[in-house]
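*Asks:* After the structure tokens below, expect a handful of questions from me.
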Amino acid sequence: MGTESSKNWKEQRNVLKNWIRQEWGTLAYTTIGTIIMSFAIIALTAPYKFASTGLTGIALITHYAWGISPAWVLALGNPLLLMWGWRVLSPRFVLWTLYVTVLNTLSIMFFELFHYPVLHNTFLAAILGGVLGGLGMGLVFRGGGSTGGTDVIVMAARKKYGVDVGMYSFYINIAVLIASWFVVDIEQLLMGGVLLYVESLTIDSVLKSFDRRKQLLIITQRPEEIKRFIIENLDRSATLIDARGAYSGQPKNMIMVILTRRQAMELKRFVVSIDPQTFIVLSDVSEVVGYGFKHWKNI
């Protein structure tokens, strides 16, 4: 009996270790991102009465109209939405959304304890709010988490009714913005639009910056040395391509490799040092999925 109990404990411990190994990145990204996002709401959005979208927009409307802390609306709204759609949502999505909701609520309550300097230039405040808010949400999305609110509605609606996610989300956000018009003036509404625009750009930049790589196409007469440098010094692999010159008709040696920016600079310096006549085409790659890069499960 004791041996069987010990075996079960070891199996459970191994499962927990595997889960921690798989999810620690999500925990780190969602924790840091949620704290930054909460700070942006309290310090750079609410004091200026900027409009917003989704559940955060509704929370701000109640705050502007009746002085209710955004934390309470977010704390009540997200669990209710998850209860509505939990049958069709993945357990992982539900658990991480709950974690972000709880941390978001506590972070907002914490940041509400302090006073923040008010910027007289509201346009600058909107830009800063968008950058910080986008940075926070970008980190949450990067970790595979969810900020809840509209995400819950559109994810559940897509699985329940097969609706178009982008269009459904657009309609909801437009409705929230129109509702904001009753509690903020037109300038604050427009500044909210600026904030949301900067926020969306920042989210895209954050997500792409983690996956951005450099692709090099190298046409050279010394492929073996370059290949060896890539494998031994950069700890990467490459693809060898048989090519032919269009004008000369002569066979060419081409190497295709995907590297980080630092590695790309190292390779360029090495190639130039051994063969200044080498032809190099260097381009930006926004995302690479495969062994040694982003795993297909993280798409």
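Following the order of the structure tokens, first chain is A, next is B, and so on, with residues numbered from 1 inside each chain and ligands from 1 in the order they appear.
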Please provide as a ChimeraX atom specification all residues within 6 Å of range 228-240 of chain A, with the sequence filter that same-chain residues fewer than 2 positions apart are discarded (counting only C-alpha atoms).

*Replies:* /A:225-226,254-257

*Asks:* Just the selected residues (N, CA, C and O atoms), exported as an mmCIF file, in the first residue's frame, please.

*Replies:*
data_model
loop_
_atom_site.group_PDB
_atom_site.id
_atom_site.type_symbol
_atom_site.label_atom_id
_atom_site.label_comp_id
_atom_site.auth_asym_id
_atom_site.auth_seq_id
_atom_site.Cartn_x
_atom_site.Cartn_y
_atom_site.Cartn_z
ATOM 1 N N GLU A 225 33.271 26.555 -45.256
ATOM 2 C CA GLU A 225 33.746 27.341 -44.112
ATOM 3 C C GLU A 225 32.603 28.100 -43.453
ATOM 4 O O GLU A 225 32.518 28.189 -42.223
ATOM 5 N N ILE A 226 31.720 28.641 -44.282
ATOM 6 C CA ILE A 226 30.589 29.393 -43.739
ATOM 7 C C ILE A 226 29.630 28.446 -43.017
ATOM 8 O O ILE A 226 29.136 28.746 -41.920
ATOM 9 N N MET A 254 24.496 28.376 -52.559
ATOM 10 C CA MET A 254 23.683 29.299 -51.766
ATOM 11 C C MET A 254 23.375 28.679 -50.408
ATOM 12 O O MET A 254 23.056 27.491 -50.307
ATOM 13 N N ILE A 255 23.465 29.497 -49.373
ATOM 14 C CA ILE A 255 23.142 29.068 -48.008
ATOM 15 C C ILE A 255 22.022 29.959 -47.484
ATOM 16 O O ILE A 255 22.115 31.189 -47.561
ATOM 17 N N MET A 256 20.983 29.333 -46.981
ATOM 18 C CA MET A 256 19.912 30.087 -46.337
ATOM 19 C C MET A 256 19.946 29.789 -44.842
ATOM 20 O O MET A 256 19.989 28.629 -44.426
ATOM 21 N N VAL A 257 19.917 30.841 -44.016
ATOM 22 C CA VAL A 257 19.978 30.659 -42.569
ATOM 23 C C VAL A 257 19.129 31.731 -41.883
ATOM 24 O O VAL A 257 19.029 32.862 -42.362
#

*Asks:* Taking the backbone alone, and naming residues the way the document does, which bits of range 96-259 of chain A are alpha helix (DSSP H) by DSSP, as a ChimeraX atom specification?

*Replies:* /A:96-111,122-142,150-161,165-180,186-211,223-232

*Asks:* One decimal, Å: what's the distance from CA of Ala126 in chain A over to CA of Val206 in chain A, could you say?

*Replies:*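 Value for the CA of Ala126 in chain A-CA of Val206 in chain A distance: 18.4 Å.
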
*Asks:* Can you work out which one of A:Ile36, A:Ile108, A:Val152, A:Leu44 has the shortest atom-to-atom distance to Val73 in chain A, counting only C-alpha atoms?

*Replies:*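 Residue with the minimum atom-to-atom distance to Val73 in chain A: A:Ile108.
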
*Asks:* Could you name the residues that touch Leu216 in chain A at 7 Å or less, counting only C-alpha atoms, but leaving out those on the same chain fewer than 5 positions away, as a list in words?

*Replies:*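 Listing them by chain and then by number gives Met256, Val257, Ile258, Ile280, Val281, Leu282 and Ser283 of chain A.
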
*Asks:* Provide the CA of Gly138 in chain A to CA of Leu98 in chain A distance in Å, to one decimal place.

*Replies:* 17.7 Å

*Asks:* Counting only C-alpha atoms, what is within 7 Å of Val176 in chain A, bar same-chain residues fewer than 3 positions away, as a ChimeraX atom specification?

*Replies:* /A:53-54,57-58,172-173,179-180

*Asks:* Using all heavy atoms, can you export the residues from the last selection as a PDB file, in the first residue's frame?

*Replies:*
ATOM      1  N   THR A  53     -12.310  50.496 -24.501  1.00  0.00           N
ATOM      2  CA  THR A  53     -13.199  49.503 -25.090  1.00  0.00           C
ATOM      3  C   THR A  53     -13.264  48.256 -24.216  1.00  0.00           C
ATOM      4  O   THR A  53     -12.540  48.125 -23.234  1.00  0.00           O
ATOM      5  CB  THR A  53     -12.696  49.105 -26.497  1.00  0.00           C
ATOM      6  OG1 THR A  53     -11.346  48.636 -26.394  1.00  0.00           O
ATOM      7  CG2 THR A  53     -12.762  50.277 -27.453  1.00  0.00           C
ATOM      8  N   GLY A  54     -14.138  47.327 -24.611  1.00  0.00           N
ATOM      9  CA  GLY A  54     -14.257  46.066 -23.895  1.00  0.00           C
ATOM     10  C   GLY A  54     -14.746  46.238 -22.471  1.00  0.00           C
ATOM     11  O   GLY A  54     -15.366  47.251 -22.112  1.00  0.00           O
ATOM     12  N   GLY A  57     -13.450  49.286 -20.778  1.00  0.00           N
ATOM     13  CA  GLY A  57     -14.216  50.480 -21.127  1.00  0.00           C
ATOM     14  C   GLY A  57     -15.468  50.614 -20.283  1.00  0.00           C
ATOM     15  O   GLY A  57     -15.813  51.711 -19.819  1.00  0.00           O
ATOM     16  N   ILE A  58     -16.177  49.501 -20.051  1.00  0.00           N
ATOM     17  CA  ILE A  58     -17.376  49.519 -19.197  1.00  0.00           C
ATOM     18  C   ILE A  58     -16.995  49.868 -17.762  1.00  0.00           C
ATOM     19  O   ILE A  58     -17.682  50.648 -17.088  1.00  0.00           O
ATOM     20  CB  ILE A  58     -18.086  48.153 -19.252  1.00  0.00           C
ATOM     21  CG1 ILE A  58     -18.589  47.887 -20.674  1.00  0.00           C
ATOM     22  CG2 ILE A  58     -19.240  48.097 -18.259  1.00  0.00           C
ATOM     23  CD1 ILE A  58     -19.147  46.504 -20.880  1.00  0.00           C
ATOM     24  N   ILE A 172     -18.745  45.127 -30.560  1.00  0.00           N
ATOM     25  CA  ILE A 172     -18.787  45.300 -29.106  1.00  0.00           C
ATOM     26  C   ILE A 172     -18.019  46.548 -28.696  1.00  0.00           C
ATOM     27  O   ILE A 172     -18.504  47.366 -27.895  1.00  0.00           O
ATOM     28  CB  ILE A 172     -18.212  44.058 -28.393  1.00  0.00           C
ATOM     29  CG1 ILE A 172     -19.112  42.851 -28.615  1.00  0.00           C
ATOM     30  CG2 ILE A 172     -18.052  44.325 -26.888  1.00  0.00           C
ATOM     31  CD1 ILE A 172     -18.524  41.549 -28.100  1.00  0.00           C
ATOM     32  N   ASN A 173     -16.843  46.718 -29.243  1.00  0.00           N
ATOM     33  CA  ASN A 173     -16.016  47.868 -28.879  1.00  0.00           C
ATOM     34  C   ASN A 173     -16.639  49.179 -29.321  1.00  0.00           C
ATOM     35  O   ASN A 173     -16.560  50.191 -28.606  1.00  0.00           O
ATOM     36  CB  ASN A 173     -14.619  47.713 -29.481  1.00  0.00           C
ATOM     37  CG  ASN A 173     -13.827  46.613 -28.810  1.00  0.00           C
ATOM     38  OD1 ASN A 173     -14.026  46.320 -27.634  1.00  0.00           O
ATOM     39  ND2 ASN A 173     -12.925  45.984 -29.551  1.00  0.00           N
ATOM     40  N   ALA A 179     -21.298  54.298 -25.798  1.00  0.00           N
ATOM     41  CA  ALA A 179     -21.796  54.459 -24.433  1.00  0.00           C
ATOM     42  C   ALA A 179     -20.927  55.429 -23.636  1.00  0.00           C
ATOM     43  O   ALA A 179     -21.421  56.154 -22.759  1.00  0.00           O
ATOM     44  CB  ALA A 179     -21.853  53.103 -23.736  1.00  0.00           C
ATOM     45  N   SER A 180     -19.626  55.469 -23.953  1.00  0.00           N
ATOM     46  CA  SER A 180     -18.711  56.367 -23.242  1.00  0.00           C
ATOM     47  C   SER A 180     -19.042  57.829 -23.503  1.00  0.00           C
ATOM     48  O   SER A 180     -18.733  58.713 -22.690  1.00  0.00           O
ATOM     49  CB  SER A 180     -17.258  56.089 -23.675  1.00  0.00           C
ATOM     50  OG  SER A 180     -16.883  54.763 -23.399  1.00  0.00           O
TER      51      SER A 180
END

*Asks:* Quick one: residues within 12 Å of Met265 in chain A, only C-alpha atoms, excluding same-chain residues fewer than 2 positions away - as a compact mmCIF listing (two decimals) with N, CA and C atoms, in the first residue's frame?

*Replies:*
# COMPACT_ATOMS: atom_id res chain seq x y z
N ARG A 213 13.37 37.78 -36.57
CA ARG A 213 14.68 37.21 -36.86
C ARG A 213 15.19 37.80 -38.18
N LYS A 214 16.43 37.47 -38.49
CA LYS A 214 17.05 37.88 -39.75
C LYS A 214 17.26 36.66 -40.63
N GLN A 215 16.85 36.78 -41.89
CA GLN A 215 17.10 35.73 -42.87
C GLN A 215 18.23 36.17 -43.79
N LEU A 216 19.22 35.29 -43.94
CA LEU A 216 20.35 35.58 -44.82
C LEU A 216 20.40 34.57 -45.94
N LEU A 234 27.86 29.59 -34.14
CA LEU A 234 26.55 30.19 -33.86
C LEU A 234 25.54 29.18 -33.32
N LEU A 259 18.70 33.74 -38.29
CA LEU A 259 19.48 34.05 -37.09
C LEU A 259 18.88 35.23 -36.34
N THR A 260 19.35 35.41 -35.11
CA THR A 260 19.03 36.64 -34.38
C THR A 260 19.84 37.78 -34.98
N ARG A 261 19.53 39.00 -34.59
CA ARG A 261 20.25 40.15 -35.13
C ARG A 261 21.73 40.09 -34.78
N ARG A 262 22.05 39.73 -33.55
CA ARG A 262 23.45 39.65 -33.13
C ARG A 262 24.19 38.58 -33.93
N GLN A 263 23.56 37.42 -34.09
CA GLN A 263 24.19 36.34 -34.85
C GLN A 263 24.38 36.73 -36.31
N LEU A 267 27.88 36.68 -38.38
CA LEU A 267 28.06 35.92 -39.62
C LEU A 267 28.50 36.84 -40.76
N LYS A 268 27.93 38.02 -40.84
CA LYS A 268 28.34 38.96 -41.90
C LYS A 268 29.82 39.32 -41.78
N ARG A 269 30.26 39.59 -40.56
CA ARG A 269 31.67 39.93 -40.37
C ARG A 269 32.58 38.76 -40.78
N PHE A 270 32.18 37.54 -40.41
CA PHE A 270 33.00 36.38 -40.77
C PHE A 270 33.05 36.18 -42.28
N VAL A 271 31.88 36.27 -42.92
CA VAL A 271 31.82 36.05 -44.37
C VAL A 271 32.67 37.08 -45.11
N VAL A 272 32.57 38.33 -44.71
CA VAL A 272 33.37 39.38 -45.37
C VAL A 272 34.86 39.16 -45.15
N ILE A 280 25.37 38.70 -50.31
CA ILE A 280 24.49 38.43 -49.16
C ILE A 280 23.20 39.21 -49.31
N LEU A 282 20.00 40.10 -47.01
CA LEU A 282 19.55 40.06 -45.63
C LEU A 282 18.16 40.68 -45.53

*Asks:* Give the strand (DSSP E) residues of range 162-280 of chain A, as DSSP finds them on the backbone, and put them as a ChimeraX atom specification.

*Replies:* /A:213-220,239-244,251-259,279-280

*Asks:* Using only C-alpha atoms, can you tell me which of A:Gln188, A:Ser90, A:Ser52, A:Asn121 comes closest to Met155 in chain A?

*Replies:*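 Checking each candidate against Met155 in chain A, we get A:Ser90 as the closest.
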
*Asks:* Nearest to Ile32 in chain A among A:Ile186, A:Leu103, A:Leu113, A:Ala157, with distances taken over only C-alpha atoms: which residue is it?

*Replies:*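 Under the stated criterion, the closest residue is A:Leu103.
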
*Asks:* Report as a PyMOL selection string all protein, DNA and RNA residues lying within 12 Å of Arg92 in chain A, evaluated on only C-alpha atoms, omitting residues in the same chain fewer than 3 positions from it.

*Replies:* chain A and resi 19+23+26+86+88-89+95-99+144-146

*Asks:* Give me a file of those residues, with N, CA, C and O atoms, as a short mmCIF file (atom, residue, chain, number, x, y, z; two decimals), in the first residue's frame.

*Replies:*
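Okay, this is what ended up in part_29.cif:
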data_model
loop_
_atom_site.label_atom_id
_atom_site.label_comp_id
_atom_site.auth_asym_id
_atom_site.auth_seq_id
_atom_site.Cartn_x
_atom_site.Cartn_y
_atom_site.Cartn_z
N TRP A 19 4.26 20.62 -15.67
CA TRP A 19 3.36 21.77 -15.83
C TRP A 19 4.11 23.06 -15.57
O TRP A 19 3.97 24.03 -16.32
N GLU A 23 4.62 26.07 -18.15
CA GLU A 23 3.83 27.27 -17.92
C GLU A 23 4.56 28.40 -17.20
O GLU A 23 3.97 29.46 -16.99
N THR A 26 4.51 31.60 -19.16
CA THR A 26 3.20 32.25 -19.14
C THR A 26 2.98 32.98 -17.82
O THR A 26 2.48 34.11 -17.80
N TRP A 86 -17.84 28.93 -20.19
CA TRP A 86 -16.81 27.97 -19.79
C TRP A 86 -16.97 26.60 -20.46
O TRP A 86 -16.01 25.87 -20.63
N VAL A 88 -17.49 25.87 -23.50
CA VAL A 88 -16.87 25.78 -24.82
C VAL A 88 -15.43 26.32 -24.83
O VAL A 88 -14.74 26.25 -25.84
N LEU A 89 -14.99 26.87 -23.68
CA LEU A 89 -13.64 27.39 -23.60
C LEU A 89 -12.69 26.34 -23.03
O LEU A 89 -13.10 25.50 -22.24
N LEU A 95 -8.47 29.22 -16.77
CA LEU A 95 -7.63 29.36 -15.59
C LEU A 95 -6.72 30.59 -15.67
O LEU A 95 -6.59 31.35 -14.71
N TRP A 96 -6.11 30.80 -16.84
CA TRP A 96 -5.22 31.94 -16.97
C TRP A 96 -6.00 33.25 -16.99
O TRP A 96 -5.52 34.28 -16.50
N THR A 97 -7.21 33.25 -17.53
CA THR A 97 -8.05 34.45 -17.50
C THR A 97 -8.44 34.78 -16.06
O THR A 97 -8.44 35.95 -15.66
N LEU A 98 -8.75 33.76 -15.28
CA LEU A 98 -9.07 33.98 -13.87
C LEU A 98 -7.85 34.54 -13.12
O LEU A 98 -7.98 35.46 -12.28
N TYR A 99 -6.68 34.00 -13.42
CA TYR A 99 -5.47 34.49 -12.76
C TYR A 99 -5.23 35.97 -13.09
O TYR A 99 -4.96 36.79 -12.20
N GLY A 144 0.70 33.72 -23.75
CA GLY A 144 -0.41 32.81 -24.02
C GLY A 144 -1.57 33.00 -23.08
O GLY A 144 -2.47 32.17 -23.00
N GLY A 145 -1.59 34.13 -22.34
CA GLY A 145 -2.69 34.42 -21.44
C GLY A 145 -3.76 35.24 -22.12
O GLY A 145 -3.70 35.51 -23.32
N SER A 146 -4.73 35.65 -21.34
CA SER A 146 -5.85 36.44 -21.87
C SER A 146 -6.22 37.50 -20.84
O SER A 146 -6.17 37.26 -19.63
#

*Asks:* Which is closer to Leu81 in chain A than all the others in A:Thr150, A:Val100, A:Ser248, A:Ser169, using only C-alpha atoms?

*Replies:*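 Among the listed residues, the smallest separation from Leu81 in chain A belongs to A:Thr150.
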
*Asks:* Could you check which of A:Ile68, A:Val198, A:Ala125, A:Met191 is closest to Glu112 in chain A, using only C-alpha atoms?

*Replies:*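 Nearest to Glu112 in chain A: A:Ile68.
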
*Asks:* Could you work out how far CA of Ala156 in chain A lies from CA of Leu80 in chain A, giving the answer in Å with one decimal?

*Replies:*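 Spanning CA of Leu80 in chain A to CA of Ala156 in chain A is a straight-line distance of 12.7 Å.
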
*Asks:* For each of A:Phe123, A:Gly77, A:Ile218, A:Thr34, take the minimum atom-to-atom distance to Leu55 in chain A, counting only C-alpha atoms, then give the residue where this is smallest.

*Replies:*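 Result for the nearest residue to Leu55 in chain A: A:Gly77.
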